[in-house]
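Structure file upload_36.cif (mmCIF, C-alpha atoms) is printed below.
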data_input
#
loop_
_atom_site.label_atom_id
_atom_site.label_comp_id
_atom_site.auth_asym_id
_atom_site.auth_seq_id
_atom_site.Cartn_x
_atom_site.Cartn_y
_atom_site.Cartn_z
CA MET A 1 -62.99 43.09 -96.58
CA GLN A 2 -65.18 40.28 -95.33
CA LEU A 3 -64.95 37.25 -93.10
CA ALA A 4 -63.81 34.21 -95.02
CA SER A 5 -66.48 32.12 -96.71
CA GLN A 6 -65.64 29.13 -94.46
CA GLN A 7 -67.77 30.80 -91.78
CA PHE A 8 -70.85 28.64 -91.34
CA GLU A 9 -73.53 28.95 -88.67
CA SER A 10 -73.18 31.52 -85.91
CA LYS A 11 -71.25 30.28 -82.87
CA ASP A 12 -69.43 31.67 -79.86
CA VAL A 13 -65.87 32.85 -80.51
CA LYS A 14 -63.26 33.58 -77.85
CA VAL A 15 -61.68 36.90 -78.86
CA GLN A 16 -58.48 38.21 -77.30
CA LEU A 17 -57.94 41.92 -77.93
CA LEU A 18 -54.36 43.21 -77.96
CA LEU A 19 -54.26 46.94 -77.22
CA THR A 20 -51.52 49.53 -77.03
CA GLY A 21 -49.54 49.58 -73.81
CA GLY A 22 -49.46 45.77 -73.62
CA HIS A 23 -53.08 45.53 -72.41
CA GLN A 24 -55.07 42.40 -73.26
CA TYR A 25 -58.79 41.70 -72.83
CA THR A 26 -60.74 38.53 -73.59
CA VAL A 27 -64.38 38.72 -74.70
CA TYR A 28 -66.82 36.22 -76.23
CA LEU A 29 -68.67 37.22 -79.40
CA LYS A 30 -70.88 35.52 -81.95
CA SER A 31 -69.02 34.65 -85.12
CA ASP A 32 -71.49 36.72 -87.17
CA ALA A 33 -71.48 39.68 -84.78
CA PRO A 34 -70.94 43.00 -86.63
CA VAL A 35 -68.44 44.15 -83.99
CA LEU A 36 -66.24 41.09 -84.63
CA ASN A 37 -66.24 41.84 -88.35
CA SER A 38 -65.35 45.45 -87.56
CA LEU A 39 -62.46 44.40 -85.31
CA LEU A 40 -60.96 42.15 -87.96
CA THR A 41 -61.54 44.72 -90.69
CA THR A 42 -59.72 47.32 -88.62
CA ILE A 43 -56.68 45.07 -88.26
CA VAL A 44 -56.53 44.38 -92.00
CA ALA A 45 -57.04 48.06 -92.81
CA ARG A 46 -54.11 48.92 -90.55
CA ALA A 47 -51.95 46.31 -92.27
CA TYR A 48 -52.84 47.88 -95.63
CA LYS A 49 -52.35 51.32 -94.04
CA GLN A 50 -55.85 52.36 -95.07
CA GLU A 51 -56.10 54.77 -92.17
CA SER A 52 -59.53 56.10 -93.17
CA GLU A 53 -61.04 52.79 -92.07
CA LEU A 54 -59.57 53.03 -88.57
CA GLN A 55 -61.47 55.95 -87.04
CA ASN A 56 -63.92 54.01 -84.88
CA LEU A 57 -64.87 53.79 -81.22
CA PHE A 58 -65.37 50.19 -80.10
CA GLN A 59 -67.85 49.58 -77.26
CA ILE A 60 -67.94 45.91 -76.31
CA PRO A 61 -70.06 44.57 -73.41
CA ILE A 62 -68.08 42.56 -70.83
CA ASN A 63 -68.81 40.94 -67.45
CA GLU A 64 -72.08 39.50 -68.76
CA GLY A 65 -73.22 42.93 -69.86
CA ARG A 66 -72.65 44.60 -66.49
CA SER A 67 -69.91 46.83 -67.94
CA VAL A 68 -68.55 47.89 -71.30
CA LEU A 69 -65.01 47.98 -72.71
CA SER A 70 -64.56 51.16 -74.78
CA PHE A 71 -61.47 52.08 -76.77
CA PRO A 72 -60.63 54.00 -79.96
CA SER A 73 -59.70 51.86 -82.94
CA GLU A 74 -56.18 53.30 -83.11
CA HIS A 75 -55.46 51.47 -79.81
CA LEU A 76 -56.23 48.08 -81.38
CA ILE A 77 -53.05 46.18 -82.23
CA GLY A 78 -54.22 42.60 -82.80
CA VAL A 79 -57.12 40.17 -82.46
CA VAL A 80 -56.74 36.49 -81.53
CA THR A 81 -59.78 34.31 -82.31
CA GLU A 82 -60.55 30.78 -81.07
CA PRO A 83 -61.67 28.94 -83.17
CA PRO A 84 -59.71 30.69 -85.94
CA ILE A 85 -61.48 33.18 -88.16
CA PHE A 86 -59.80 34.35 -91.33
CA VAL A 87 -60.35 37.53 -93.32
CA GLN A 88 -60.54 37.51 -97.09
CA GLN A 89 -57.72 39.59 -98.55
CA SER A 90 -57.10 41.03 -101.95
CA GLU A 91 -54.83 38.78 -103.99
CA GLU A 92 -52.93 41.85 -105.15
CA ILE A 93 -52.00 42.90 -101.62
CA GLN A 94 -50.21 40.75 -99.07
CA LEU A 95 -50.75 41.34 -95.38
CA GLN A 96 -47.73 42.93 -93.72
CA ASN A 97 -46.77 40.49 -90.98
CA ASP A 98 -43.81 42.65 -90.01
CA TYR A 99 -45.92 45.71 -89.21
CA ILE A 100 -43.77 47.87 -86.92
CA LEU A 101 -45.24 49.56 -83.87
CA ALA A 102 -43.31 52.74 -83.16
CA SER A 103 -42.09 53.14 -79.58
CA ASP A 104 -43.07 56.52 -78.19
CA TYR A 105 -41.20 58.30 -75.43
CA ILE A 106 -41.21 61.69 -73.72
CA GLN A 107 -38.07 63.62 -72.72
CA ILE A 108 -38.45 66.72 -70.53
CA ASN A 109 -35.57 69.12 -69.94
CA ASN A 110 -34.82 71.07 -66.73
CA PHE A 111 -36.77 68.63 -64.57
CA LEU A 112 -35.22 69.86 -61.30
CA LYS A 113 -34.61 73.44 -60.31
CA PRO A 114 -30.90 74.47 -60.45
CA GLU A 115 -30.58 74.49 -56.65
CA GLU A 116 -32.24 71.06 -56.38
CA HIS A 117 -29.91 69.67 -59.04
CA LYS A 118 -26.90 71.07 -57.17
CA ARG A 119 -28.05 69.57 -53.85
CA LEU A 120 -28.67 66.19 -55.49
CA LEU A 121 -25.16 66.04 -56.92
CA LYS A 122 -23.64 66.97 -53.56
CA TYR A 123 -25.76 64.29 -51.85
CA VAL A 124 -24.75 61.55 -54.33
CA LEU A 125 -21.04 62.30 -54.11
CA ALA A 126 -21.25 62.04 -50.31
CA LYS A 127 -22.99 58.65 -50.65
CA GLU A 128 -20.34 56.96 -52.82
CA SER A 129 -19.59 54.27 -50.22
CA ASP A 130 -23.30 53.32 -49.98
CA PHE A 131 -23.61 52.27 -53.64
CA LEU A 132 -23.88 48.51 -54.26
CA PRO A 133 -23.48 46.42 -57.45
CA SER A 134 -26.77 46.27 -59.34
CA ASN A 135 -28.58 43.09 -60.35
CA THR A 136 -31.66 42.06 -62.35
CA SER A 137 -34.93 40.35 -61.39
CA THR A 138 -33.80 37.29 -63.40
CA LYS A 139 -30.41 37.21 -61.62
CA ASP A 140 -28.59 36.98 -64.95
CA ILE A 141 -24.83 37.44 -64.62
CA ASN A 142 -23.01 39.98 -66.82
CA TYR A 143 -26.33 41.39 -68.07
CA ARG A 144 -26.07 44.63 -66.17
CA GLN A 145 -23.12 46.53 -64.74
CA SER A 146 -23.71 49.59 -62.59
CA MET A 147 -23.91 50.69 -58.95
CA VAL A 148 -27.17 51.40 -57.15
CA ILE A 149 -28.79 52.73 -53.96
CA TYR A 150 -32.35 51.59 -53.25
CA SER A 151 -33.19 53.89 -50.35
CA PHE A 152 -32.57 57.63 -50.59
CA PRO A 153 -35.64 59.32 -49.04
CA GLU A 154 -33.98 62.72 -49.03
CA PHE A 155 -34.55 62.92 -52.79
CA SER A 156 -36.86 60.05 -53.78
CA GLU A 157 -39.81 61.83 -52.16
CA LEU A 158 -39.08 65.00 -54.16
CA ILE A 159 -38.82 63.09 -57.44
CA LEU A 160 -41.89 60.92 -56.85
CA LYS A 161 -44.08 63.85 -55.83
CA ARG A 162 -43.14 65.69 -59.01
CA ILE A 163 -43.75 62.60 -61.17
CA GLN A 164 -47.09 61.95 -59.46
CA ALA A 165 -48.36 65.36 -60.55
CA MET A 166 -47.37 64.62 -64.17
CA ILE A 167 -48.86 61.14 -64.51
CA PRO A 168 -52.19 62.02 -66.21
CA ASP A 169 -50.36 64.04 -68.86
CA ILE A 170 -47.71 61.33 -69.33
CA ILE A 171 -50.37 58.61 -69.76
CA SER A 172 -52.15 60.75 -72.35
CA LYS A 173 -48.99 61.56 -74.32
CA LEU A 174 -47.95 57.89 -74.39
CA ASN A 175 -51.44 56.97 -75.71
CA LEU A 176 -52.09 54.59 -72.82
CA PRO A 177 -55.54 53.81 -71.43
CA LEU A 178 -56.00 55.58 -68.10
CA PHE A 179 -55.09 53.40 -65.09
CA SER A 180 -54.94 53.75 -61.31
CA VAL A 181 -51.41 54.06 -59.92
CA SER A 182 -50.63 51.67 -57.07
CA GLN A 183 -46.94 52.49 -56.59
CA ILE A 184 -44.03 54.48 -57.99
CA GLU A 185 -40.65 52.80 -57.52
CA SER A 186 -37.27 54.51 -57.57
CA GLN A 187 -33.57 53.72 -57.39
CA LEU A 188 -30.42 55.80 -57.63
CA THR A 189 -27.94 54.45 -60.19
CA ALA A 190 -24.37 55.26 -61.21
CA HIS A 191 -22.79 54.10 -64.48
CA ASN A 192 -19.03 54.49 -64.74
CA HIS A 193 -16.45 53.31 -67.28
CA GLY A 194 -17.57 50.16 -69.12
CA ASN A 195 -20.95 49.94 -67.39
CA TYR A 196 -24.02 48.97 -69.44
CA TYR A 197 -27.42 47.24 -69.38
CA LYS A 198 -28.16 44.75 -72.17
CA ILE A 199 -31.47 44.62 -74.01
CA HIS A 200 -34.45 43.90 -71.74
CA ASN A 201 -37.89 45.12 -70.78
CA ASP A 202 -39.08 46.20 -67.34
CA ASN A 203 -42.23 44.10 -66.83
CA GLY A 204 -41.30 40.68 -68.16
CA SER A 205 -41.41 38.73 -64.88
CA PRO A 206 -44.31 37.92 -62.51
CA GLU A 207 -43.07 40.36 -59.85
CA THR A 208 -42.72 43.21 -62.37
CA ALA A 209 -45.84 42.54 -64.49
CA THR A 210 -47.76 45.57 -63.14
CA ARG A 211 -45.14 48.08 -64.24
CA GLU A 212 -46.74 50.30 -66.89
CA ILE A 213 -44.36 53.25 -67.36
CA THR A 214 -40.59 53.48 -66.92
CA TYR A 215 -38.85 56.77 -66.13
CA VAL A 216 -35.17 57.77 -66.12
CA TYR A 217 -33.91 61.08 -64.72
CA TYR A 218 -30.36 61.94 -65.84
CA PHE A 219 -27.89 64.12 -63.97
CA ASN A 220 -24.12 64.63 -63.95
CA ARG A 221 -21.36 67.11 -63.19
CA GLU A 222 -20.53 69.79 -65.72
CA PRO A 223 -18.54 69.74 -67.84
CA LYS A 224 -19.54 66.14 -68.59
CA GLN A 225 -16.61 63.73 -68.26
CA PHE A 226 -18.16 60.67 -69.93
CA SER A 227 -19.55 59.68 -73.32
CA GLY A 228 -21.84 56.84 -74.42
CA GLY A 229 -24.52 55.62 -72.05
CA GLU A 230 -27.29 56.30 -74.56
CA LEU A 231 -30.68 54.70 -73.97
CA LEU A 232 -31.90 52.69 -76.96
CA ILE A 233 -35.68 52.08 -77.03
CA TYR A 234 -36.64 49.46 -79.61
CA ASP A 235 -39.77 49.62 -81.73
CA SER A 236 -42.13 46.63 -81.36
CA LYS A 237 -43.85 44.02 -83.47
CA ILE A 238 -46.13 41.10 -82.63
CA GLU A 239 -44.96 37.51 -83.13
CA ASN A 240 -47.04 34.54 -81.96
CA ASN A 241 -49.29 36.93 -80.01
CA PHE A 242 -46.36 38.39 -78.05
CA TYR A 243 -44.75 41.82 -78.26
CA VAL A 244 -41.10 41.51 -79.35
CA ASN A 245 -38.52 44.08 -80.37
CA ALA A 246 -38.07 45.11 -83.97
CA GLU A 247 -34.67 45.96 -85.46
CA SER A 248 -35.39 49.71 -85.44
CA PHE A 249 -34.95 51.83 -82.32
CA LYS A 250 -34.88 55.36 -80.93
CA THR A 251 -31.67 56.74 -79.38
CA ILE A 252 -32.04 58.97 -76.31
CA GLU A 253 -29.07 61.04 -75.19
CA PRO A 254 -28.56 61.19 -71.38
CA ARG A 255 -29.04 64.94 -71.21
CA ASN A 256 -28.17 66.51 -67.87
CA ASN A 257 -31.26 67.36 -65.74
CA SER A 258 -33.72 65.73 -68.16
CA ILE A 259 -36.25 62.95 -67.52
CA VAL A 260 -37.51 60.32 -69.97
CA PHE A 261 -40.78 58.37 -69.80
CA PHE A 262 -41.64 55.29 -71.91
CA ILE A 263 -43.84 52.19 -71.76
CA SER A 264 -42.27 49.48 -69.57
CA ARG A 265 -42.91 46.61 -72.00
CA TYR A 266 -40.65 48.24 -74.62
CA MET A 267 -37.35 46.44 -75.12
CA HIS A 268 -34.47 48.80 -74.37
CA GLU A 269 -30.80 48.88 -73.43
CA VAL A 270 -28.12 51.19 -72.07
CA LYS A 271 -25.01 51.42 -74.25
CA PRO A 272 -21.61 51.16 -72.53
CA VAL A 273 -20.37 54.28 -70.77
CA ILE A 274 -16.90 55.61 -71.57
CA CYS A 275 -15.43 57.49 -68.60
CA PRO A 276 -11.65 57.83 -69.01
CA SER A 277 -11.02 59.15 -65.50
CA LYS A 278 -13.00 56.27 -63.90
CA ALA A 279 -13.69 58.69 -61.04
CA PHE A 280 -17.02 58.13 -59.32
CA ALA A 281 -17.82 61.84 -59.47
CA ASP A 282 -17.61 61.73 -63.28
CA SER A 283 -20.28 58.99 -63.59
CA ARG A 284 -23.53 59.00 -65.52
CA PHE A 285 -26.06 59.28 -62.68
CA THR A 286 -29.77 58.50 -62.86
CA ILE A 287 -32.82 58.25 -60.67
CA ASN A 288 -34.89 55.65 -62.44
CA GLY A 289 -37.97 53.66 -61.65
CA TRP A 290 -41.42 52.46 -62.63
CA ILE A 291 -45.04 53.52 -62.35
CA ARG A 292 -47.22 50.51 -61.43
CA ARG A 293 -50.93 50.02 -61.99
#
I need this file expressed as structure tokens, please.
Amino acid sequence: MQLASQQFESKDVKVQLLLTGGHQYTVYLKSDAPVLNSLLTTIVARAYKQESELQNLFQIPINEGRSVLSFPSEHLIGVVTEPPIFVQQSEEIQLQNDYILASDYIQINNFLKPEEHKRLLKYVLAKESDFLPSNTSTKDINYRQSMVIYSFPEFSELILKRIQAMIPDIISKLNLPLFSVSQIESQLTAHNHGNYYKIHNDNGSPETATREITYVYYFNREPKQFSGGELLIYDSKIENNFYVNAESFKTIEPRNNSIVFFISRYMHEVKPVICPSKAFADSRFTINGWIRR
């Protein structure tokens, strides 16, 4: 695979690198630079699923050579070049424009100790009158139906401390570049009969742009008195240099006393909850939030 023959004399090219986790970096390279050819070749090899060509470590100088951007080739999702540079492709093989990026997630069972779980349920049932209707950062009406508490220090500190200790392992398992954590947010949510959250992502607005990882801790009374409420996490694809959801998705069951972690840019939704009794105590409860860089 080679750069297209239209390439004439060497010139500066603005190169935007799209990496896993929604990270983007802009560098300037010469049009005949070997690293640029390697970047483009890696993208085409991935489209052809020629995985043997993808085992590289890229090391690209940035900040006028004062630092270097290093990343393994499997983290490279796309390359945007200005002016455009094309790659010669075999006539027998067409590039797969609908290449699907699988959405990874982690689900951990028995997150809280049995006595902690019991105390949390007792606390939530005593706080029923403090729950307020939820909303979204975009203020869309009928996009989300649930009840929420934003301040619950008696348990948020316990949850956040436990999550904090797990962050390096979570970042590694989600194949994200390491980042410094500035904040961990949390809210306490109840979904009862007919409640839902339509498809969305968690870092699509200016005030949420630094959210990197979303977490959801599930808990409920036993025996469970509701059904539905599954979390659907959509796979991704790139259209016009933006991450968008594909048609395929993963379905995560709201298992009692389990916690789920996934990348905040993933499109996801909560399916409607069916709770015949409509009693608050029978709700699908969560402590959910976001890890910010």
Just the residues within 12 Å of Glu253 of chain A, please, counting all atoms listed in the file, with nothing from its chain fewer than 6 positions along; format it as a ChimeraX atom specification.
-> /A:107-109,216-219,227-233,259-260,270-271,273,284
Find the axis-aligned box for segment 212-229 of chain A, covering all its listed atoms and adding 5 Å on each side, and write its centre and edge lengths in Å to one decimal as AutoDock Vina command-line options.
--center_x -31.7 --center_y 60.0 --center_z -68.8 --size_x 40.1 --size_y 29.5 --size_z 21.2
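A straight line drawn from atom CA of Val27 of chain A to atom CA of Lys237 of chain A is 22.9 Å long.
One finds atom CA of Ile85 of chain A at 9.9 Å from atom CA of Asn37 of chain A.
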Residues returned when the PyMOL selection byres ((chain A and resi 20) around 12) runs on this file, as JSON, numbers by chain = {"A": [17, 18, 19, 21, 22, 23, 24, 25, 71, 72, 73, 74, 75, 76, 77, 78, 101, 102, 103, 104, 171, 174, 175, 176, 177, 178, 212, 236, 237, 238, 243, 263, 264, 265, 266]}
Residues matched by the PyMOL selection byres ((chain A and resi 70) around 8) as a PyMOL selection string | chain A and resi 57-60+68-69+71-72
Atom CA of Asn195 of chain A to atom CA of Arg144 of chain A: how many Å, to one decimal?
-> 7.5 Å
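Put simply, the PyMOL selection byres ((chain A and resi 159-166) around 10) on this file hits Phe111, Leu112, Pro153, Glu154, Phe155, Ser156, Glu157, Leu158, Ile167, Pro168, Asp169, Ile170, Ile171, Val181, Gln183, Ile184, Glu185, Ser186, Tyr215, Tyr217, Ile259, Ile287, Asn288, Gly289 and Ile291 of chain A.
The nearest approach to Glu269 of chain A among the residues A:Glu82, A:Asp202, A:Glu116, A:Asp130, with only C-alpha atoms taken into account, belongs to A:Asp202.
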With a distance cut-off of 8 Å and only C-alpha atoms, select the neighbouring residues of Tyr234 of chain A, excluding the residue or stretch itself and same-chain residues fewer than 6 positions from it, and output the selection as a count of residues only.
-> 10
Quick one: everything within 7 Å of Phe131 of chain A, counting only C-alpha atoms, minus sequence neighbours fewer than 4 positions away in the same chain. Send it as a PyMOL selection string.
-> chain A and resi 147-149
Minimum-distance residue to Ser129 of chain A, chosen among A:Thr81, A:Phe280, A:Tyr105, A:Cys275 (using only C-alpha atoms) = A:Phe280
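In terms of minimum interatomic distance to Ser277 of chain A, A:His193 ranks closest within A:His193, A:Lys198, A:Leu132, A:Arg221, counting only C-alpha atoms.
Candidate residues A:Asn201, A:Ser151, A:Asn110, A:Ser180 were compared for distance to Asn256 of chain A, and the nearest is A:Asn110, using all atoms listed in the file.
Between Asn192 of chain A and the candidates A:Leu121, A:Gln225, A:Val13, A:Phe86, the tightest atom-to-atom separation, counting only C-alpha atoms, involves A:Gln225.
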